[in-house]
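structure.txt follows (compact mmCIF, C-alpha atoms):
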# COMPACT_ATOMS: atom_id res chain seq x y z
CA MET S 211 0.00 0.00 0.00
CA ASN S 212 1.35 3.43 -0.94
CA LEU S 213 1.34 5.88 1.94
CA SER S 214 0.85 9.63 1.65
CA SER S 215 3.89 11.86 1.34
CA ARG S 216 2.66 13.72 4.44
CA VAL S 217 2.92 10.56 6.55
CA LYS S 218 6.25 9.57 5.01
CA GLU S 219 7.72 12.93 6.01
CA ALA S 220 6.39 12.80 9.58
CA GLN S 221 9.01 11.91 12.20
CA THR S 222 8.35 9.39 14.95
CA SER S 223 8.38 11.05 18.37
CA VAL S 224 11.85 10.49 19.83
CA THR S 225 10.42 10.43 23.36
CA LEU S 226 8.08 7.57 22.43
CA LYS S 227 10.90 5.77 20.61
CA MET S 228 13.15 6.04 23.66
CA ASN S 229 10.38 4.81 25.94
CA GLU S 230 9.89 1.75 23.72
CA ARG S 231 13.61 0.96 24.00
CA VAL S 232 13.48 1.36 27.78
CA GLN S 233 10.51 -1.02 28.04
CA ALA S 234 12.30 -3.60 25.90
CA LEU S 235 15.36 -3.44 28.18
CA VAL S 236 13.19 -3.76 31.29
CA GLN S 237 11.45 -6.81 29.83
CA SER S 238 14.86 -8.35 29.11
CA GLY S 239 15.68 -8.09 32.82
CA ARG S 240 17.81 -4.92 32.93
CA HIS S 241 17.35 -2.45 35.77
CA ILE S 242 16.68 0.90 34.11
CA TYR S 243 16.43 4.36 35.64
CA ASN S 244 13.76 5.74 33.34
CA MET S 245 14.15 9.52 33.18
CA THR S 246 12.33 9.91 29.86
CA ASN S 247 8.81 10.33 31.20
CA GLY S 248 6.74 13.42 30.46
CA GLN S 249 4.29 12.84 33.29
CA LEU S 250 4.22 13.30 37.04
CA PRO S 251 4.50 10.22 39.31
CA PHE S 252 1.48 11.33 41.36
CA LYS S 253 -2.16 10.30 41.27
CA PRO S 254 -4.68 13.10 40.67
CA SER S 255 -6.20 14.66 43.76
CA GLY S 256 -8.70 12.46 45.60
CA ASP S 257 -11.62 14.84 45.16
CA PHE S 258 -11.06 14.98 41.40
CA ILE S 259 -11.06 11.17 41.25
CA GLU S 260 -14.22 11.23 43.36
CA SER S 261 -15.82 13.66 40.93
CA ILE S 262 -15.00 11.33 38.02
CA THR S 263 -16.38 8.33 39.90
CA LYS S 264 -19.61 10.19 40.62
CA GLN S 265 -20.13 11.01 36.94
CA THR S 266 -19.91 7.33 35.96
CA ASN S 267 -23.46 6.93 37.30
CA PHE S 268 -25.06 9.14 34.66
CA LEU S 269 -26.08 8.11 31.15
CA LYS S 270 -25.06 11.49 29.70
CA SER S 271 -21.46 10.85 30.75
CA TYR S 272 -21.27 8.17 28.05
CA GLN S 273 -22.90 10.16 25.26
CA TYR S 274 -21.57 12.71 22.78
CA SER S 275 -20.51 16.06 24.14
CA PRO S 276 -20.94 19.30 22.15
CA ILE S 277 -18.31 19.67 19.41
CA SER S 278 -16.38 22.42 21.22
CA GLY S 279 -17.00 21.06 24.71
CA PHE S 280 -19.71 21.72 27.29
CA GLN S 281 -20.39 25.43 27.53
CA LYS S 282 -20.17 25.36 31.34
CA LEU S 283 -16.65 23.94 31.15
CA ARG S 284 -15.58 26.34 28.40
CA ASP S 285 -16.72 29.27 30.54
CA LYS S 286 -15.09 27.76 33.63
CA PHE S 287 -11.71 27.31 31.93
CA LEU S 288 -11.83 30.85 30.52
CA ASN S 289 -12.79 32.49 33.81
CA HIS S 290 -10.34 30.39 35.84
CA HIS S 291 -7.49 31.32 33.51
CA LEU S 292 -8.23 35.03 33.72
CA GLU S 293 -8.49 34.79 37.53
CA LYS S 294 -5.10 33.05 37.74
CA ARG S 295 -3.57 35.85 35.69
CA ASN S 296 -5.29 38.54 37.83
CA MET S 297 -7.25 39.69 34.79
CA SER S 298 -10.86 39.08 35.83
CA ASP S 299 -11.84 42.76 35.76
CA LEU S 300 -10.67 43.76 32.30
CA ASP S 301 -12.40 46.89 31.05
CA ILE S 302 -11.70 46.19 27.37
CA ASP S 303 -13.84 44.14 25.01
CA LEU S 304 -11.67 41.28 23.78
CA GLU S 305 -14.35 38.85 22.52
CA LEU S 306 -12.47 35.88 23.99
CA ASP S 307 -13.80 32.35 23.74
CA CYS S 308 -12.67 28.86 24.72
CA ILE S 309 -12.76 25.45 23.04
CA VAL S 310 -12.14 22.11 24.76
CA SER S 311 -10.22 19.46 22.80
CA ASN S 312 -8.73 16.00 23.26
CA GLY S 313 -5.53 17.11 24.99
CA SER S 314 -3.37 20.17 24.40
CA LYS S 315 -1.53 18.46 21.51
CA HIS S 316 -4.90 18.19 19.75
CA SER S 317 -5.51 21.85 20.64
CA LEU S 318 -2.25 22.80 18.89
CA TYR S 319 -3.15 20.80 15.78
CA ASN S 320 -6.47 22.64 15.63
CA VAL S 321 -4.79 26.01 16.25
CA PHE S 322 -2.39 25.68 13.33
CA GLY S 323 -5.02 24.12 11.10
CA ALA S 324 -7.13 27.22 11.63
CA LEU S 325 -4.25 29.70 11.52
CA ILE S 326 -1.69 28.93 8.81
CA ASN S 327 -1.66 28.42 5.06
CA PRO S 328 0.93 26.34 3.18
CA GLY S 329 4.18 28.31 3.06
CA ASP S 330 3.47 30.39 6.17
CA GLU S 331 6.36 30.55 8.62
CA VAL S 332 6.09 29.92 12.36
CA ILE S 333 8.96 30.87 14.68
CA ILE S 334 9.87 28.34 17.36
CA LEU S 335 12.40 28.95 20.12
CA THR S 336 14.98 26.37 21.11
CA PRO S 337 14.84 24.23 23.03
CA TYR S 338 11.34 23.35 21.84
CA TRP S 339 8.82 20.58 22.42
CA VAL S 340 9.46 17.82 19.88
CA SER S 341 6.00 18.06 18.27
CA TYR S 342 6.02 21.76 17.33
CA PRO S 343 7.90 21.38 14.02
CA GLU S 344 5.88 18.31 13.02
CA ILE S 345 2.53 19.98 13.73
CA ILE S 346 3.53 23.05 11.71
CA LYS S 347 4.78 20.94 8.78
CA PHE S 348 1.63 18.78 8.88
CA TRP S 349 -0.40 21.85 7.94
CA GLY S 350 2.07 22.95 5.26
CA GLY S 351 3.80 25.56 7.39
CA ILE S 352 7.53 26.16 7.70
CA PRO S 353 9.12 26.05 11.18
CA VAL S 354 11.78 28.75 11.61
CA VAL S 355 14.12 28.10 14.54
CA VAL S 356 15.66 30.71 16.85
CA GLN S 357 18.57 29.30 18.85
CA SER S 358 19.13 29.84 22.58
CA HIS S 359 22.09 28.74 24.71
CA ALA S 360 22.67 26.94 27.99
CA PHE S 361 24.83 29.79 29.30
CA ASP S 362 21.80 32.10 28.92
CA ALA S 363 19.59 29.57 30.74
CA TYR S 364 17.98 28.77 27.38
CA THR S 365 16.42 32.23 27.02
CA PRO S 366 16.49 33.50 23.41
CA SER S 367 17.10 37.17 22.69
CA PHE S 368 14.61 39.32 20.81
CA ILE S 369 17.48 40.58 18.67
CA GLU S 370 17.81 37.05 17.28
CA ILE S 371 14.04 36.62 17.04
CA GLU S 372 13.71 39.85 15.02
CA LYS S 373 16.28 38.54 12.52
CA LYS S 374 13.96 35.63 11.69
CA ILE S 375 10.91 37.78 10.90
CA SER S 376 9.95 37.78 7.22
CA ALA S 377 6.94 38.67 5.09
CA LYS S 378 5.82 35.04 5.48
CA THR S 379 5.97 34.96 9.29
CA LYS S 380 2.51 34.22 10.69
CA ALA S 381 3.13 33.26 14.31
CA ILE S 382 5.61 32.56 17.08
CA ILE S 383 5.27 29.83 19.73
CA ILE S 384 6.24 30.71 23.30
CA ASN S 385 6.40 27.76 25.69
CA SER S 386 6.86 29.04 29.25
CA PRO S 387 7.54 27.10 31.44
CA ASN S 388 9.61 25.28 28.90
CA ASN S 389 9.78 21.63 27.96
CA PRO S 390 12.61 20.44 27.88
CA ALA S 391 14.62 23.09 29.78
CA GLY S 392 12.52 23.37 32.95
CA ILE S 393 12.75 27.17 33.01
CA HIS S 394 10.25 29.98 32.50
CA TYR S 395 11.00 33.31 30.89
CA SER S 396 11.52 36.25 33.25
CA GLU S 397 9.24 39.24 33.76
CA ALA S 398 11.81 41.41 31.96
CA TRP S 399 11.73 39.05 28.97
CA MET S 400 7.92 39.08 28.93
CA ARG S 401 7.86 42.89 29.05
CA GLU S 402 10.28 42.93 26.13
CA CYS S 403 7.88 40.56 24.39
CA CYS S 404 5.16 43.23 24.73
CA GLU S 405 7.27 45.71 22.78
CA PHE S 406 8.11 43.05 20.20
CA MET S 407 4.42 42.26 19.67
CA LYS S 408 3.40 45.91 19.41
CA LYS S 409 6.12 46.42 16.82
CA ASN S 410 5.02 43.30 14.92
CA ASN S 411 1.28 43.70 15.35
CA ASN S 412 0.45 41.37 12.45
CA LEU S 413 2.00 38.40 14.30
CA VAL S 414 0.14 35.94 16.50
CA VAL S 415 1.71 34.48 19.63
CA VAL S 416 0.74 30.91 20.49
CA SER S 417 1.35 30.79 24.25
CA ASP S 418 1.73 27.15 25.32
CA GLU S 419 1.13 27.29 29.08
CA ILE S 420 0.64 23.59 29.81
CA TYR S 421 3.26 23.71 32.62
CA SER S 422 2.26 27.08 34.10
CA ASP S 423 1.01 25.56 37.38
CA ILE S 424 4.27 23.70 37.99
CA SER S 425 6.71 26.28 39.33
CA TYR S 426 8.52 25.45 42.55
CA PHE S 427 10.89 28.41 43.05
CA ASP S 428 10.11 32.13 43.05
CA PRO S 429 9.52 34.20 41.04
CA LYS S 430 6.53 32.47 39.47
CA PRO S 431 5.83 32.62 35.72
CA THR S 432 4.09 35.68 34.32
CA TYR S 433 2.91 36.38 30.79
CA PHE S 434 3.23 39.34 28.43
CA TYR S 435 -0.53 39.91 28.13
CA GLN S 436 -0.77 40.48 31.89
CA TYR S 437 1.21 43.70 31.36
CA GLU S 438 -0.55 44.71 28.13
CA PRO S 439 -4.06 43.12 28.08
CA GLU S 440 -4.74 44.52 24.60
CA LEU S 441 -2.19 42.01 23.33
CA LEU S 442 -4.68 39.23 24.00
CA LYS S 443 -6.07 40.17 20.57
CA GLN S 444 -2.83 38.75 19.11
CA THR S 445 -2.63 35.79 21.49
CA ILE S 446 -3.74 32.16 21.43
CA ILE S 447 -3.44 30.44 24.82
CA VAL S 448 -3.14 26.65 24.94
CA HIS S 449 -3.50 24.73 28.20
CA GLY S 450 -4.86 21.46 29.53
CA ILE S 451 -5.20 19.12 32.49
CA SER S 452 -2.40 16.66 31.64
CA LYS S 453 0.21 18.34 33.84
CA SER S 454 -1.90 20.59 36.11
CA PHE S 455 -4.11 17.67 37.20
CA ALA S 456 -1.47 14.92 36.79
CA SER S 457 -3.89 13.37 34.29
CA THR S 458 -2.01 12.77 31.04
CA GLY S 459 -4.30 9.89 30.06
CA LEU S 460 -7.59 11.76 30.37
CA ARG S 461 -6.87 13.89 27.27
CA ILE S 462 -8.51 17.24 27.94
CA GLY S 463 -6.92 20.40 26.54
CA TYR S 464 -8.32 23.83 25.89
CA THR S 465 -7.62 26.95 23.86
CA ILE S 466 -8.47 30.56 24.70
CA ALA S 467 -8.46 33.04 21.83
CA ASP S 468 -10.53 35.37 19.70
CA GLN S 469 -14.03 34.04 18.96
CA LYS S 470 -13.35 33.86 15.23
CA LEU S 471 -10.39 31.51 15.69
CA ILE S 472 -12.24 29.38 18.25
CA GLN S 473 -15.14 28.94 15.83
CA ALA S 474 -12.71 27.88 13.09
CA MET S 475 -11.11 25.35 15.44
CA GLY S 476 -14.60 24.04 16.19
CA ARG S 477 -15.19 23.42 12.48
CA ILE S 478 -11.97 21.41 12.26
CA GLN S 479 -12.87 19.46 15.40
CA SER S 480 -16.35 18.71 14.04
CA GLN S 481 -14.81 16.87 11.08
CA THR S 482 -12.09 15.03 13.01
CA THR S 483 -12.70 13.91 16.59
CA SER S 484 -16.06 15.52 17.43
CA GLY S 485 -16.46 16.61 21.05
CA PRO S 486 -14.01 15.56 23.78
CA ASN S 487 -14.54 13.04 26.60
CA SER S 488 -17.99 13.64 28.12
CA LEU S 489 -17.35 11.93 31.45
CA VAL S 490 -14.16 13.85 32.27
CA GLN S 491 -15.67 17.15 31.14
CA ARG S 492 -18.65 16.66 33.44
CA ALA S 493 -16.30 15.79 36.33
CA LEU S 494 -14.30 18.98 35.67
CA ILE S 495 -17.48 21.06 35.73
CA GLU S 496 -18.20 19.77 39.25
CA TYR S 497 -14.61 19.86 40.54
CA ASP S 498 -13.39 22.86 42.57
CA PHE S 499 -10.29 24.17 40.78
CA GLY S 500 -9.35 25.96 44.00
CA ASN S 501 -8.20 22.60 45.40
CA LEU S 502 -5.32 22.36 42.93
CA ALA S 503 -2.96 24.47 45.05
CA GLU S 504 -3.12 22.00 47.94
CA PHE S 505 -2.67 19.07 45.55
CA PHE S 506 0.55 20.61 44.20
CA ASP S 507 2.24 21.15 47.58
CA PRO S 508 3.85 17.66 47.69
CA VAL S 509 4.55 17.78 43.94
CA LYS S 510 6.52 21.01 44.28
CA ALA S 511 8.33 19.73 47.37
CA HIS S 512 9.44 16.68 45.35
CA LEU S 513 10.69 18.85 42.47
CA ARG S 514 12.60 21.20 44.80
CA GLU S 515 14.37 18.17 46.30
CA CYS S 516 15.25 16.87 42.84
CA ALA S 517 16.61 20.27 41.80
CA GLN S 518 18.77 20.34 44.93
CA ILE S 519 20.09 16.83 44.27
CA LEU S 520 21.02 17.89 40.74
CA ARG S 521 22.78 21.04 41.89
CA GLU S 522 24.72 19.39 44.72
CA THR S 523 25.77 16.30 42.77
CA PHE S 524 27.16 18.29 39.85
CA ARG S 525 28.87 20.74 42.21
CA ASP S 526 30.51 18.00 44.29
CA ALA S 527 31.75 16.19 41.17
CA ASN S 528 33.48 19.37 39.97
CA LEU S 529 32.46 18.37 36.47
CA PRO S 530 32.89 21.10 33.83
CA HIS S 531 29.33 21.87 32.92
CA CYS S 532 27.19 24.88 32.11
CA PHE S 533 24.83 24.51 35.08
CA TYR S 534 21.61 26.51 35.30
CA GLN S 535 18.86 26.47 37.92
CA THR S 536 15.74 24.61 36.86
CA HIS S 537 12.63 26.07 38.51
CA SER S 538 9.55 25.05 36.51
CA ALA S 539 8.01 22.01 34.84
CA PHE S 540 9.92 18.84 35.77
CA TYR S 541 12.82 18.66 33.35
CA TYR S 542 16.50 19.50 33.09
CA LEU S 543 18.40 19.85 29.80
CA LEU S 544 21.98 18.64 30.16
CA ASP S 545 24.43 20.28 27.72
CA PHE S 546 27.37 17.93 27.06
CA THR S 547 29.54 20.25 24.96
CA ARG S 548 31.68 21.67 27.79
CA MET S 549 32.47 18.29 29.31
CA PRO S 550 35.91 16.85 28.49
CA PHE S 551 34.46 13.49 27.39
CA PHE S 552 32.74 15.28 24.50
CA ALA S 553 36.12 15.57 22.75
CA SER S 554 35.68 11.96 21.62
CA TYR S 555 32.64 12.98 19.56
CA SER S 556 32.48 15.15 16.45
CA GLU S 557 31.76 18.79 17.26
CA ASP S 558 30.20 19.31 13.83
CA LEU S 559 27.43 16.75 14.32
CA ASP S 560 24.59 16.22 16.73
CA ASN S 561 25.76 13.27 18.83
CA SER S 562 22.82 13.38 21.25
CA GLU S 563 21.40 10.01 20.28
CA GLN S 564 24.77 8.24 20.39
CA ILE S 565 25.69 9.78 23.76
CA VAL S 566 22.31 8.90 25.25
CA ASN S 567 22.60 5.32 23.96
CA ASP S 568 26.11 5.03 25.44
CA ILE S 569 24.84 6.30 28.81
CA LEU S 570 21.91 3.88 28.74
CA GLU S 571 24.07 0.86 27.89
CA GLU S 572 26.76 1.63 30.48
CA THR S 573 24.72 2.99 33.41
CA GLY S 574 21.09 2.01 32.86
CA VAL S 575 20.09 5.69 33.00
CA ALA S 576 17.59 6.52 30.23
CA LEU S 577 17.51 10.10 28.92
CA VAL S 578 15.95 11.71 25.83
CA PRO S 579 18.35 12.95 23.10
CA GLY S 580 18.35 16.74 23.07
CA GLY S 581 18.66 17.02 19.30
CA ALA S 582 14.95 16.20 19.09
CA PHE S 583 14.29 19.42 21.02
CA GLY S 584 16.37 21.49 18.61
CA TYR S 585 19.38 21.59 20.95
CA PRO S 586 22.26 19.41 19.67
CA ASN S 587 24.59 17.42 21.92
CA SER S 588 22.37 17.48 24.97
CA ALA S 589 19.84 15.30 26.77
CA ARG S 590 16.62 15.87 28.67
CA MET S 591 16.05 14.25 32.03
CA SER S 592 12.73 14.10 33.87
CA MET S 593 12.68 14.63 37.64
CA THR S 594 9.91 12.10 38.14
CA LEU S 595 11.61 9.19 39.90
CA GLU S 596 11.28 8.62 43.64
CA LEU S 597 13.84 10.78 45.44
CA SER S 598 16.14 7.95 46.52
CA VAL S 599 16.06 6.43 43.03
CA PHE S 600 16.57 9.85 41.43
CA ARG S 601 19.65 10.48 43.58
CA GLU S 602 21.05 7.07 42.64
CA ALA S 603 20.45 7.73 38.93
CA ILE S 604 22.10 11.17 39.03
CA GLU S 605 25.13 9.79 40.87
CA LYS S 606 25.51 7.02 38.28
CA LEU S 607 25.19 9.54 35.47
CA VAL S 608 27.72 11.99 36.93
CA ASN S 609 30.19 9.20 37.75
CA HIS S 610 29.93 7.98 34.17
CA LEU S 611 30.57 11.45 32.76
CA ALA S 612 33.46 12.00 35.19
CA ARG S 613 35.12 8.70 34.19
CA LYS S 614 35.21 9.92 30.62
CA ILE S 615 37.49 12.84 31.56
In structure tokens, what does this structure look like?
Amino acid sequence: MNLSSRVKEAQTSVTLKMNERVQALVQSGRHIYNMTNGQLPFKPSGDFIESITKQTNFLKSYQYSPISGFQKLRDKFLNHHLEKRNMSDLDIDLELDCIVSNGSKHSLYNVFGALINPGDEVIILTPYWVSYPEIIKFWGGIPVVVQSHAFDAYTPSFIEIEKKISAKTKAIIINSPNNPAGIHYSEAWMRECCEFMKKNNNLVVVSDEIYSDISYFDPKPTYFYQYEPELLKQTIIVHGISKSFASTGLRIGYTIADQKLIQAMGRIQSQTTSGPNSLVQRALIEYDFGNLAEFFDPVKAHLRECAQILRETFRDANLPHCFYQTHSAFYYLLDFTRMPFFASYSEDLDNSEQIVNDILEETGVALVPGGAFGYPNSARMSMTLELSVFREAIEKLVNHLARKI
């Protein structure tokens, strides 16, 4: 059977590929420290589970939901988001709306399906989530990459961003907090973003905020539109419950944007998946979002401990390394290029996959190659193992890197 050129060009997710390899090694009897996961090792809060259980008793929970989600939930997501951003009392008419989709990845597919034409350019900032380029290319768009650097804590400059603007530029994706770096952009950076957007008022910013609730050191993330609410007219906000509710398998995402775009996304959704999961939507309508803060207390405590283990282990090893402080999401992006062992690899190529495979074979520590995130010769680790196991994995990793010196 001949497959479409679109499918032939699509790349398999490197995170899924690495997970498959890890599972194969585990089944063969190897002990593996799996640091590839993109999900928290915590169950959702008990009252959310209770809300889901309650909804299983109703026939409507098993029937179709409206194409764009239940109106009560759409309104709840929109109002909750504005409250979190201290923007409930806006005195400007923005005509914002919300659509609920089958996870935030589905939201992003709908966003770019509604937004770009073939040949349109979309700026993405490194390091980026692995799916951004593939989603853009799926709809005929052209991803344009702006590089950042570990020594700048993976924060790209607007001077470099401006250089990538062309007549074909339609949008820019901002992912803060960032997967895979585990950082969020500073208030100063976000204020600079305001000036950038006002200067380029034909551009749309797709603000991927899926990790915005997971910040465990001050200052907390803020967003450009909080300082200039009028910029919401140029903004598409993507969020979901996968990370905020520790519910990656329930597949509920949502988008907040101008009514016209939301309606267009609804038309796409009507011809693809139809409405999202009825049962989970109904549970979310009943659930008190105010309980999330208490749920995250132990999550953030765990992540602070992991960040401290990282910092102390690298410091004590005296390993040449461009260390930065992770403070959001649950990842760390390890740049190998300043480590002496890297001399055995070619500087002109991305050796991420080979290095990660070597580490896995020799230590049992599984990481994700950083080249997939647009940052060559690096690897992403997830801080999702139990603390004692995480410490053991980091020590094995650092000892391996130190032996290479």
Exercise for the section: Kindly indicate which residue among S:Ser425, S:Thr482, S:Thr266, S:Ser556 lies nearest to Val509 in chain S, using all atoms listed in the file for the distances. Expected result: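 Looking at the shortest contact to Val509 in chain S, the residue is S:Ser425.
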Exercise for the section: Name the closest residue to Val321 in chain S among the candidates S:Gln233, S:Thr222, S:Thr246, S:Thr465; distances are taken between atoms, counting all atoms listed in the file. Expected result: S:Thr465
Please list as a PDB file with C-alpha atoms, in the coordinates of the input every residue within 12 Å of Phe280 in chain S, counting all atoms listed in the file and excluding residues in the same chain fewer than 6 positions away.
ATOM      1  CA  LYS S 270     -25.060  11.490  29.700  1.00  0.00           C
ATOM      2  CA  SER S 271     -21.460  10.850  30.750  1.00  0.00           C
ATOM      3  CA  TYR S 274     -21.570  12.710  22.780  1.00  0.00           C
ATOM      4  CA  LYS S 286     -15.090  27.760  33.630  1.00  0.00           C
ATOM      5  CA  PHE S 287     -11.710  27.310  31.930  1.00  0.00           C
ATOM      6  CA  CYS S 308     -12.670  28.860  24.720  1.00  0.00           C
ATOM      7  CA  ILE S 309     -12.760  25.450  23.040  1.00  0.00           C
ATOM      8  CA  VAL S 310     -12.140  22.110  24.760  1.00  0.00           C
ATOM      9  CA  SER S 311     -10.220  19.460  22.800  1.00  0.00           C
ATOM     10  CA  TYR S 464      -8.320  23.830  25.890  1.00  0.00           C
ATOM     11  CA  GLY S 485     -16.460  16.610  21.050  1.00  0.00           C
ATOM     12  CA  PRO S 486     -14.010  15.560  23.780  1.00  0.00           C
ATOM     13  CA  ASN S 487     -14.540  13.040  26.600  1.00  0.00           C
ATOM     14  CA  SER S 488     -17.990  13.640  28.120  1.00  0.00           C
ATOM     15  CA  LEU S 489     -17.350  11.930  31.450  1.00  0.00           C
ATOM     16  CA  VAL S 490     -14.160  13.850  32.270  1.00  0.00           C
ATOM     17  CA  GLN S 491     -15.670  17.150  31.140  1.00  0.00           C
ATOM     18  CA  ARG S 492     -18.650  16.660  33.440  1.00  0.00           C
ATOM     19  CA  ALA S 493     -16.300  15.790  36.330  1.00  0.00           C
ATOM     20  CA  LEU S 494     -14.300  18.980  35.670  1.00  0.00           C
ATOM     21  CA  ILE S 495     -17.480  21.060  35.730  1.00  0.00           C
TER      22      ILE S 495
END
Could you pull out every residue with an atom within 12 Å of (21.8, 29.8, 23.5), file coordinates, counting only C-alpha atoms, and send them as a tab-separated table (two decimals) with C-alpha atoms, keeping the file's coordinate frame?
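The result, written out as point.tsv:
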chain	number	residue	atom	x	y	z
S	335	LEU	CA	12.40	28.95	20.12
S	336	THR	CA	14.98	26.37	21.11
S	337	PRO	CA	14.84	24.23	23.03
S	355	VAL	CA	14.12	28.10	14.54
S	356	VAL	CA	15.66	30.71	16.85
S	357	GLN	CA	18.57	29.30	18.85
S	358	SER	CA	19.13	29.84	22.58
S	359	HIS	CA	22.09	28.74	24.71
S	360	ALA	CA	22.67	26.94	27.99
S	361	PHE	CA	24.83	29.79	29.30
S	362	ASP	CA	21.80	32.10	28.92
S	363	ALA	CA	19.59	29.57	30.74
S	364	TYR	CA	17.98	28.77	27.38
S	365	THR	CA	16.42	32.23	27.02
S	366	PRO	CA	16.49	33.50	23.41
S	367	SER	CA	17.10	37.17	22.69
S	370	GLU	CA	17.81	37.05	17.28
S	391	ALA	CA	14.62	23.09	29.78
S	532	CYS	CA	27.19	24.88	32.11
S	545	ASP	CA	24.43	20.28	27.72
S	584	GLY	CA	16.37	21.49	18.61
S	585	TYR	CA	19.38	21.59	20.95
S	586	PRO	CA	22.26	19.41	19.67
Handout entry: Polymer residues at most 12 Å from (-0.5, 30.3, 25.1) by all atoms listed in the file, as JSON, numbers by chain
Key = {"S": [291, 314, 317, 318, 321, 381, 382, 383, 384, 385, 386, 387, 388, 414, 415, 416, 417, 418, 419, 420, 421, 422, 432, 433, 434, 435, 441, 442, 444, 445, 446, 447, 448, 449, 450, 463, 464, 465, 466, 467]}
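For Cys516 in chain S, the non-local neighbours within 10 Å, defined as residues at least 4 positions apart in the same chain or in other chains and counting all atoms listed in the file, are S:Lys510, S:Ala511, S:His512, S:Leu520, S:Arg521, S:Glu522, S:Thr536, S:Phe540, S:Tyr541, S:Ser592, S:Met593, S:Thr594, S:Leu595, S:Glu596, S:Leu597, S:Ser598, S:Phe600, S:Arg601, S:Ile604.
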Handout entry: Residue among S:Asn389, S:Gln473, S:Ser454, S:Asn320 lying closest to His537 in chain S, counting only C-alpha atoms
Key =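 The closest residue to His537 in chain S is S:Asn389.
CA of Arg461 in chain S to CA of Arg216 in chain S spans 24.7 Å [interatomic distance, one decimal].
Residues lying within 12 Å of Thr225 in chain S, counting all atoms listed in the file and ignoring same-chain neighbours fewer than 6 positions away, are Arg231, Val232, Asn244, Met245, Thr246, Asn247, Gly248, Gln249, Trp339, Val340, Ser341, Pro390, Glu563, Ala576, Leu577, Val578, Pro579, Gly580, Gly581, Ala582, Phe583, Ala589, Arg590, Met591 and Ser592 of chain S.
Interatomic distance, CA of Leu283 in chain S against CA of Glu496 in chain S: 9.2 Å.
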Handout entry: Proximity to Ser562 in chain S - best of S:Ala517, S:Leu300, S:Leu543, S:Cys404, all atoms listed in the file
Key =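 Closest to Ser562 in chain S of all the choices is S:Leu543.
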Handout entry: Proximity to Leu306 in chain S - best of S:Ile472, S:Ile352, S:Val217, S:Met211, only C-alpha atoms
Key =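 Of S:Ile472, S:Ile352, S:Val217, S:Met211, the one nearest Leu306 in chain S is S:Ile472, counting only C-alpha atoms.
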Practice task
Using CA of Tyr243 in chain S and CA of Ala503 in chain S as the two end points, give the distance in Å to one decimal.
Solution key: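 Calculated distance between CA of Tyr243 in chain S and CA of Ala503 in chain S is 29.5 Å.
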Handout entry: Best match for closeness to Phe348 in chain S among S:Lys253, S:Asp299, S:Asp468, S:Ala220, counting only C-alpha atoms
Key =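 So, comparing all the options, the nearest one is S:Ala220.
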Missing atoms in range 352-363 of chain S: can you complete it with N, CA and C atoms, as a PDB file, in the coordinates of the input?
ATOM      1  N   ILE S 352       6.071  26.295   7.652  1.00  0.00           N
ATOM      2  CA  ILE S 352       7.530  26.160   7.700  1.00  0.00           C
ATOM      3  C   ILE S 352       8.021  26.596   9.080  1.00  0.00           C
ATOM      4  N   PRO S 353       8.561  25.654   9.880  1.00  0.00           N
ATOM      5  CA  PRO S 353       9.120  26.050  11.180  1.00  0.00           C
ATOM      6  C   PRO S 353      10.436  26.794  11.001  1.00  0.00           C
ATOM      7  N   VAL S 354      10.558  27.939  11.660  1.00  0.00           N
ATOM      8  CA  VAL S 354      11.780  28.750  11.610  1.00  0.00           C
ATOM      9  C   VAL S 354      12.342  28.805  13.030  1.00  0.00           C
ATOM     10  N   VAL S 355      13.557  28.318  13.200  1.00  0.00           N
ATOM     11  CA  VAL S 355      14.120  28.100  14.540  1.00  0.00           C
ATOM     12  C   VAL S 355      14.996  29.270  14.967  1.00  0.00           C
ATOM     13  N   VAL S 356      14.791  29.714  16.213  1.00  0.00           N
ATOM     14  CA  VAL S 356      15.660  30.710  16.850  1.00  0.00           C
ATOM     15  C   VAL S 356      16.420  29.994  17.966  1.00  0.00           C
ATOM     16  N   GLN S 357      17.741  30.045  17.909  1.00  0.00           N
ATOM     17  CA  GLN S 357      18.570  29.300  18.850  1.00  0.00           C
ATOM     18  C   GLN S 357      18.729  30.056  20.171  1.00  0.00           C
ATOM     19  N   SER S 358      18.738  29.300  21.272  1.00  0.00           N
ATOM     20  CA  SER S 358      19.130  29.840  22.580  1.00  0.00           C
ATOM     21  C   SER S 358      20.346  29.050  23.047  1.00  0.00           C
ATOM     22  N   HIS S 359      20.859  29.381  24.243  1.00  0.00           N
ATOM     23  CA  HIS S 359      22.090  28.740  24.710  1.00  0.00           C
ATOM     24  C   HIS S 359      21.988  28.415  26.196  1.00  0.00           C
ATOM     25  N   ALA S 360      22.678  27.356  26.588  1.00  0.00           N
ATOM     26  CA  ALA S 360      22.670  26.940  27.990  1.00  0.00           C
ATOM     27  C   ALA S 360      23.201  28.032  28.897  1.00  0.00           C
ATOM     28  N   PHE S 361      24.241  28.765  28.434  1.00  0.00           N
ATOM     29  CA  PHE S 361      24.830  29.790  29.300  1.00  0.00           C
ATOM     30  C   PHE S 361      23.913  30.995  29.484  1.00  0.00           C
ATOM     31  N   ASP S 362      22.844  31.086  28.703  1.00  0.00           N
ATOM     32  CA  ASP S 362      21.800  32.100  28.920  1.00  0.00           C
ATOM     33  C   ASP S 362      20.558  31.483  29.538  1.00  0.00           C
ATOM     34  N   ALA S 363      20.711  30.307  30.156  1.00  0.00           N
ATOM     35  CA  ALA S 363      19.590  29.570  30.740  1.00  0.00           C
ATOM     36  C   ALA S 363      18.483  29.362  29.704  1.00  0.00           C
TER      37      ALA S 363
END
